[in-house]
>>> print(open('entry.csv').read())   # CSV, C-alpha atoms
chain,number,residue,atom,x,y,z
A,29,MET,CA,-50.8,20.4,36.4
A,30,LEU,CA,-49.4,18.9,33.3
A,31,ARG,CA,-50.1,15.2,32.9
A,32,ILE,CA,-47.8,13.1,30.8
A,33,PRO,CA,-49.0,9.7,29.7
A,34,VAL,CA,-47.0,6.7,31.0
A,35,GLY,CA,-46.6,5.3,27.5
A,36,PHE,CA,-45.0,8.5,26.4
A,37,VAL,CA,-42.5,8.5,29.2
A,38,ARG,CA,-41.7,4.8,28.6
A,39,GLY,CA,-41.3,5.3,24.9
A,40,THR,CA,-39.1,8.4,25.4
A,41,ALA,CA,-36.9,6.4,27.8
A,42,ILE,CA,-36.5,3.6,25.4
A,43,ALA,CA,-35.7,6.0,22.5
A,44,LEU,CA,-33.0,7.7,24.6
A,45,LEU,CA,-31.4,4.4,25.5
A,46,ILE,CA,-31.3,3.3,21.9
A,47,GLY,CA,-30.0,6.8,20.9
A,48,PHE,CA,-27.1,6.5,23.4
A,49,ALA,CA,-26.3,2.9,22.3
A,50,PRO,CA,-23.7,4.0,19.7
A,51,ILE,CA,-21.9,6.1,22.4
A,52,HIS,CA,-21.4,2.9,24.4
A,53,SER,CA,-20.1,1.0,21.4
A,54,LEU,CA,-17.3,3.6,21.1
A,55,ALA,CA,-15.6,2.1,24.2
A,56,ALA,CA,-12.6,0.1,23.4
A,57,LYS,CA,-12.7,-3.5,24.5
A,58,LYS,CA,-9.5,-4.9,25.9
A,59,ALA,CA,-9.4,-8.5,24.9
A,60,SER,CA,-7.7,-11.0,27.1
A,61,SER,CA,-4.0,-11.2,26.6
A,62,GLU,CA,-4.5,-14.8,25.7
A,63,THR,CA,-6.9,-13.8,22.8
A,64,PRO,CA,-5.3,-14.7,19.4
A,65,ILE,CA,-4.8,-11.5,17.4
A,66,GLU,CA,-6.8,-13.0,14.5
A,67,ASN,CA,-9.8,-13.3,16.8
A,68,LEU,CA,-10.0,-9.6,17.7
A,69,LYS,CA,-13.3,-7.9,16.8
A,70,ALA,CA,-13.8,-4.3,15.7
A,71,GLY,CA,-12.7,-2.0,18.5
A,72,ASP,CA,-10.7,-4.8,20.4
A,73,TYR,CA,-7.1,-4.7,21.3
A,74,VAL,CA,-4.5,-6.5,23.4
A,75,TRP,CA,-1.8,-4.8,25.4
A,76,HIS,CA,1.0,-6.7,27.3
A,77,SER,CA,2.0,-4.2,30.0
A,78,ASP,CA,4.5,-6.8,31.4
A,79,ARG,CA,6.5,-6.6,28.1
A,80,VAL,CA,6.8,-2.8,28.1
A,81,SER,CA,10.2,-1.4,28.8
A,82,ASP,CA,12.1,1.8,27.9
A,83,GLY,CA,13.3,0.7,24.5
A,84,PRO,CA,12.4,2.1,21.0
A,85,VAL,CA,8.9,1.4,19.7
A,86,GLU,CA,7.8,0.5,16.2
A,87,LEU,CA,4.2,0.2,14.9
A,88,VAL,CA,3.1,-1.9,11.9
A,89,VAL,CA,-0.2,-1.1,10.3
A,90,ASP,CA,-1.8,-3.7,8.1
A,91,LEU,CA,-4.5,-2.0,5.9
A,92,GLY,CA,-5.6,-5.3,4.4
A,93,ASP,CA,-6.5,-6.9,7.8
A,94,GLN,CA,-7.3,-3.5,9.5
A,95,VAL,CA,-4.9,-4.3,12.4
A,96,ALA,CA,-1.9,-2.7,14.0
A,97,TYR,CA,1.0,-4.4,15.8
A,98,ALA,CA,3.1,-2.5,18.4
A,99,TYR,CA,6.6,-3.7,19.1
A,100,GLN,CA,9.3,-2.6,21.6
A,101,GLU,CA,12.8,-3.8,20.9
A,102,GLY,CA,11.4,-6.2,18.4
A,103,ARG,CA,8.9,-7.8,20.9
A,104,LEU,CA,5.2,-7.6,20.4
A,105,ILE,CA,3.7,-5.4,23.2
A,106,GLY,CA,0.2,-4.9,21.7
A,107,ALA,CA,-2.1,-5.4,18.8
A,108,SER,CA,-5.3,-3.6,17.8
A,109,THR,CA,-8.0,-3.4,15.3
A,110,ILE,CA,-7.9,-0.2,13.3
A,111,SER,CA,-10.0,1.8,10.8
A,112,SER,CA,-8.0,3.4,8.0
A,113,GLY,CA,-9.0,5.6,5.1
A,114,LYS,CA,-12.2,4.9,3.2
A,115,PRO,CA,-12.3,4.8,-0.6
A,116,GLY,CA,-11.3,8.2,-2.0
A,117,HIS,CA,-9.4,9.0,1.2
A,118,GLU,CA,-7.1,6.0,1.4
A,119,SER,CA,-4.4,6.0,4.0
A,120,PRO,CA,-0.9,6.4,2.5
A,121,ILE,CA,1.5,3.5,2.6
A,122,GLY,CA,5.2,3.6,3.5
A,123,ARG,CA,7.5,4.3,6.4
A,124,PHE,CA,6.6,7.3,8.5
A,125,GLU,CA,8.0,8.9,11.6
A,126,ILE,CA,5.9,10.6,14.3
A,127,LEU,CA,6.2,14.3,13.6
A,128,GLN,CA,4.0,15.7,16.4
A,129,LYS,CA,2.1,14.4,19.4
A,130,ARG,CA,-0.9,16.0,21.1
A,131,LYS,CA,-3.1,14.3,23.8
A,132,GLU,CA,-6.0,16.6,22.8
A,133,HIS,CA,-6.3,17.6,19.2
A,134,TYR,CA,-9.1,18.6,16.8
A,135,SER,CA,-9.1,18.3,13.1
A,136,ASN,CA,-8.3,21.4,11.0
A,137,LYS,CA,-9.9,19.8,8.0
A,138,TYR,CA,-13.1,18.0,9.2
A,139,ASN,CA,-15.3,20.2,11.4
A,140,SER,CA,-13.0,20.2,14.4
A,141,ALA,CA,-13.5,16.4,14.8
A,142,PRO,CA,-11.8,15.2,18.0
A,143,MET,CA,-8.6,13.3,17.5
A,144,PRO,CA,-7.5,12.2,21.0
A,145,TYR,CA,-3.9,11.0,21.4
A,146,MET,CA,-3.0,12.3,18.0
A,147,GLN,CA,0.4,11.3,16.6
A,148,ARG,CA,1.0,13.1,13.3
A,149,LEU,CA,2.5,11.1,10.4
A,150,THR,CA,2.3,13.8,7.6
A,151,TRP,CA,2.0,17.5,7.6
A,152,SER,CA,-0.9,17.1,5.1
A,153,GLY,CA,-3.2,15.7,7.8
A,154,VAL,CA,-2.6,12.0,8.3
A,155,ALA,CA,-2.3,10.8,11.9
A,156,LEU,CA,-2.8,8.0,14.3
A,157,HIS,CA,-5.5,8.8,16.8
A,158,GLY,CA,-8.2,7.4,19.0
A,159,GLY,CA,-11.7,7.2,17.7
A,160,HIS,CA,-14.6,4.9,16.5
A,161,VAL,CA,-13.2,1.7,15.0
A,162,PRO,CA,-15.7,-0.2,12.9
A,163,ASP,CA,-14.6,-3.3,11.0
A,164,TYR,CA,-13.9,-1.5,7.8
A,165,PRO,CA,-12.0,1.6,6.5
A,166,ALA,CA,-14.0,4.7,7.5
A,167,SER,CA,-11.6,7.6,8.1
A,168,HIS,CA,-10.5,10.4,5.8
A,169,GLY,CA,-7.0,8.9,5.7
A,170,CYS,CA,-6.0,8.8,9.3
A,171,ILE,CA,-5.5,5.5,11.2
A,172,ARG,CA,-8.1,5.3,13.9
A,173,LEU,CA,-7.3,3.2,17.0
A,174,PRO,CA,-9.5,2.3,20.0
A,175,ILE,CA,-9.1,5.2,22.4
A,176,LYS,CA,-7.6,3.1,25.2
A,177,PHE,CA,-5.1,1.5,22.8
A,178,ALA,CA,-4.3,5.0,21.4
A,179,GLN,CA,-3.6,6.2,24.9
A,180,LYS,CA,-1.3,3.3,25.7
A,181,LEU,CA,0.6,3.6,22.4
A,182,TYR,CA,0.9,7.4,23.0
A,183,GLY,CA,2.6,6.7,26.3
A,184,VAL,CA,5.4,4.6,24.8
A,185,THR,CA,6.2,6.5,21.6
A,186,GLU,CA,8.2,9.6,21.0
A,187,LEU,CA,8.9,11.9,18.1
A,188,GLY,CA,10.7,10.0,15.4
A,189,THR,CA,9.1,6.6,16.2
A,190,SER,CA,8.9,4.5,13.1
A,191,ILE,CA,5.4,3.7,11.8
A,192,TYR,CA,5.1,1.3,8.9
A,193,VAL,CA,1.9,1.3,6.9
A,194,MET,CA,1.4,-1.5,4.3
A,195,ASP,CA,-1.3,-3.0,2.2
A,196,ASP,CA,-1.0,-6.6,3.4
A,197,ALA,CA,1.2,-7.9,6.1
A,198,PRO,CA,2.4,-11.5,6.3
A,199,GLY,CA,0.4,-13.8,8.5
A,200,SER,CA,2.4,-13.5,11.8
A,201,PRO,CA,3.3,-10.4,13.7
A,202,GLU,CA,7.0,-11.4,13.6
A,203,ALA,CA,6.9,-11.7,9.8
A,204,ALA,CA,5.1,-8.4,9.5
A,205,LEU,CA,7.8,-6.5,11.4
A,206,LYS,CA,10.6,-8.1,9.4
A,207,LEU,CA,8.9,-7.1,6.1
A,208,ALA,CA,7.9,-3.7,7.4
A,209,ARG,CA,11.5,-2.8,8.1
A,210,THR,CA,12.2,-3.0,4.3
A,211,ILE,CA,9.4,-0.5,3.4
A,212,PRO,CA,10.7,2.7,1.9
A,213,ASP,CA,10.0,6.1,3.4
A,214,TRP,CA,6.7,7.7,2.4
A,215,ARG,CA,6.9,10.3,-0.4
A,216,PRO,CA,4.0,12.6,-0.9
A,217,SER,CA,4.0,12.4,-4.7
A,218,SER,CA,3.9,8.7,-5.0
A,219,SER,CA,2.5,6.9,-1.9
A,220,PHE,CA,-1.2,7.7,-2.1
A,221,ARG,CA,-3.0,4.9,-3.7
>>> encode(input="entry.csv", output="structure tokens")
Amino acid sequence: MLRIPVGFVRGTAIALLIGFAPIHSLAAKKASSETPIENLKAGDYVWHSDRVSDGPVELVVDLGDQVAYAYQEGRLIGASTISSGKPGHESPIGRFEILQKRKEHYSNKYNSAPMPYMQRLTWSGVALHGGHVPDYPASHGCIRLPIKFAQKLYGVTELGTSIYVMDDAPGSPEAALKLARTIPDWRPSSSFR
């Protein structure tokens, strides 16, 4: 009979719990709809289901504050923290249209990394998708969203939906949308920073 010391079992159990802690931290945290957007922490989002209708959707991504605002018919329906491209792999700026949508997608460039609720912005590999959202730019150019927010956004967008990516948006979501609508279309040769 194999005897395993109690200390070994206890230590192994603690190590396993610590090892799985990062998996738990991947879960998106829906903040209260009353939470001010400026108080969202990494991985947080707000979604106002009561404001969602059948109208056209627009998304404004603010790379400076690492936040995204979702609008429908000009009304804010959601906001989320994001993680954009890290140094050397910066997310491009400009106006994009959703070119392709896939609920289940894996990266062609980066070891088949999962990209749930992928919404392609460029044919060169930049997309919106669900994933880990730390409080800093950490992707290879994509715009990562908390998975539950990515799922909700995926459900209200369609091919051709306008996505505006800018360096720094004005202070309020309303001002951000107004400025975003003046951003020129993205051009591959000039938009990467």
>>> residues_near_point(input="entry.csv", point="(-2.1, 8.0, 8.3)", cutoff="7 Å", atoms="all atoms listed in the file", output="PyMOL selection string")
chain A and resi 119-120+149+154-156+169-171
>>> residues_around(input="entry.csv", residues="stretch 197-201 of chain A", least_positions_apart="5", cutoff="9 Å", atoms="all atoms listed in the file", output="ChimeraX atom specification")
/A:65,88-93,97,104,107,206-208
>>> residues_around(input="entry.csv", residues="A:Ser135", least_positions_apart="4", cutoff="12 Å", atoms="only C-alpha atoms", output="PDB file with C-alpha atoms, in the frame of the given file")
ATOM      1  CA  ARG A 130      -0.900  16.000  21.100  1.00  0.00           C
ATOM      2  CA  ASN A 139     -15.300  20.200  11.400  1.00  0.00           C
ATOM      3  CA  SER A 140     -13.000  20.200  14.400  1.00  0.00           C
ATOM      4  CA  ALA A 141     -13.500  16.400  14.800  1.00  0.00           C
ATOM      5  CA  PRO A 142     -11.800  15.200  18.000  1.00  0.00           C
ATOM      6  CA  MET A 143      -8.600  13.300  17.500  1.00  0.00           C
ATOM      7  CA  PRO A 144      -7.500  12.200  21.000  1.00  0.00           C
ATOM      8  CA  MET A 146      -3.000  12.300  18.000  1.00  0.00           C
ATOM      9  CA  ARG A 148       1.000  13.100  13.300  1.00  0.00           C
ATOM     10  CA  SER A 152      -0.900  17.100   5.100  1.00  0.00           C
ATOM     11  CA  GLY A 153      -3.200  15.700   7.800  1.00  0.00           C
ATOM     12  CA  VAL A 154      -2.600  12.000   8.300  1.00  0.00           C
ATOM     13  CA  ALA A 155      -2.300  10.800  11.900  1.00  0.00           C
ATOM     14  CA  HIS A 157      -5.500   8.800  16.800  1.00  0.00           C
ATOM     15  CA  HIS A 168     -10.500  10.400   5.800  1.00  0.00           C
ATOM     16  CA  CYS A 170      -6.000   8.800   9.300  1.00  0.00           C
TER      17      CYS A 170
END
>>> closest_residue(input="entry.csv", among="A:Arg123, A:His133, A:Lys180, A:His117", to="A:Ser167", atoms="all atoms listed in the file")
A:His117
>>> closest_residue(input="entry.csv", among="A:Leu205, A:Leu173, A:Val74, A:Val80", to="A:Ser190", atoms="all atoms listed in the file")
A:Leu205
>>> build_atoms(input="entry.csv", residues="stretch 138-150 of chain A", atoms="N, CA, C and O atoms", output="mmCIF file, in the coordinates of the input")
data_model
loop_
_atom_site.group_PDB
_atom_site.id
_atom_site.type_symbol
_atom_site.label_atom_id
_atom_site.label_comp_id
_atom_site.auth_asym_id
_atom_site.auth_seq_id
_atom_site.Cartn_x
_atom_site.Cartn_y
_atom_site.Cartn_z
ATOM 1 N N TYR A 138 -11.748 18.669 9.097
ATOM 2 C CA TYR A 138 -13.100 18.000 9.200
ATOM 3 C C TYR A 138 -13.847 18.464 10.398
ATOM 4 O O TYR A 138 -13.985 17.725 11.370
ATOM 5 N N ASN A 139 -14.374 19.674 10.357
ATOM 6 C CA ASN A 139 -15.300 20.200 11.400
ATOM 7 C C ASN A 139 -14.828 20.046 12.806
ATOM 8 O O ASN A 139 -15.607 19.713 13.681
ATOM 9 N N SER A 140 -13.556 20.259 13.010
ATOM 10 C CA SER A 140 -13.000 20.200 14.400
ATOM 11 C C SER A 140 -13.273 18.839 15.043
ATOM 12 O O SER A 140 -13.468 18.764 16.251
ATOM 13 N N ALA A 141 -13.283 17.765 14.263
ATOM 14 C CA ALA A 141 -13.500 16.400 14.800
ATOM 15 C C ALA A 141 -12.440 16.112 15.855
ATOM 16 O O ALA A 141 -11.265 16.386 15.639
ATOM 17 N N PRO A 142 -12.838 15.532 16.990
ATOM 18 C CA PRO A 142 -11.800 15.200 18.000
ATOM 19 C C PRO A 142 -10.899 14.096 17.536
ATOM 20 O O PRO A 142 -11.326 13.144 16.886
ATOM 21 N N MET A 143 -9.623 14.259 17.849
ATOM 22 C CA MET A 143 -8.600 13.300 17.500
ATOM 23 C C MET A 143 -7.717 13.048 18.731
ATOM 24 O O MET A 143 -6.562 13.461 18.790
ATOM 25 N N PRO A 144 -8.273 12.375 19.760
ATOM 26 C CA PRO A 144 -7.500 12.200 21.000
ATOM 27 C C PRO A 144 -6.259 11.326 20.773
ATOM 28 O O PRO A 144 -6.245 10.431 19.948
ATOM 29 N N TYR A 145 -5.218 11.670 21.505
ATOM 30 C CA TYR A 145 -3.900 11.000 21.400
ATOM 31 C C TYR A 145 -3.394 10.970 20.009
ATOM 32 O O TYR A 145 -2.911 9.964 19.515
ATOM 33 N N MET A 146 -3.461 12.139 19.382
ATOM 34 C CA MET A 146 -3.000 12.300 18.000
ATOM 35 C C MET A 146 -1.503 12.206 17.898
ATOM 36 O O MET A 146 -0.770 12.799 18.679
ATOM 37 N N GLN A 147 -1.063 11.419 16.901
ATOM 38 C CA GLN A 147 0.400 11.300 16.600
ATOM 39 C C GLN A 147 0.458 11.517 15.054
ATOM 40 O O GLN A 147 0.065 10.654 14.273
ATOM 41 N N ARG A 148 0.952 12.677 14.670
ATOM 42 C CA ARG A 148 1.000 13.100 13.300
ATOM 43 C C ARG A 148 2.013 12.328 12.466
ATOM 44 O O ARG A 148 3.158 12.204 12.873
ATOM 45 N N LEU A 149 1.562 11.831 11.284
ATOM 46 C CA LEU A 149 2.500 11.100 10.400
ATOM 47 C C LEU A 149 2.847 11.961 9.175
ATOM 48 O O LEU A 149 3.914 11.756 8.603
ATOM 49 N N THR A 150 1.967 12.872 8.746
ATOM 50 C CA THR A 150 2.300 13.800 7.600
ATOM 51 C C THR A 150 1.802 15.173 7.988
ATOM 52 O O THR A 150 0.852 15.344 8.764
#
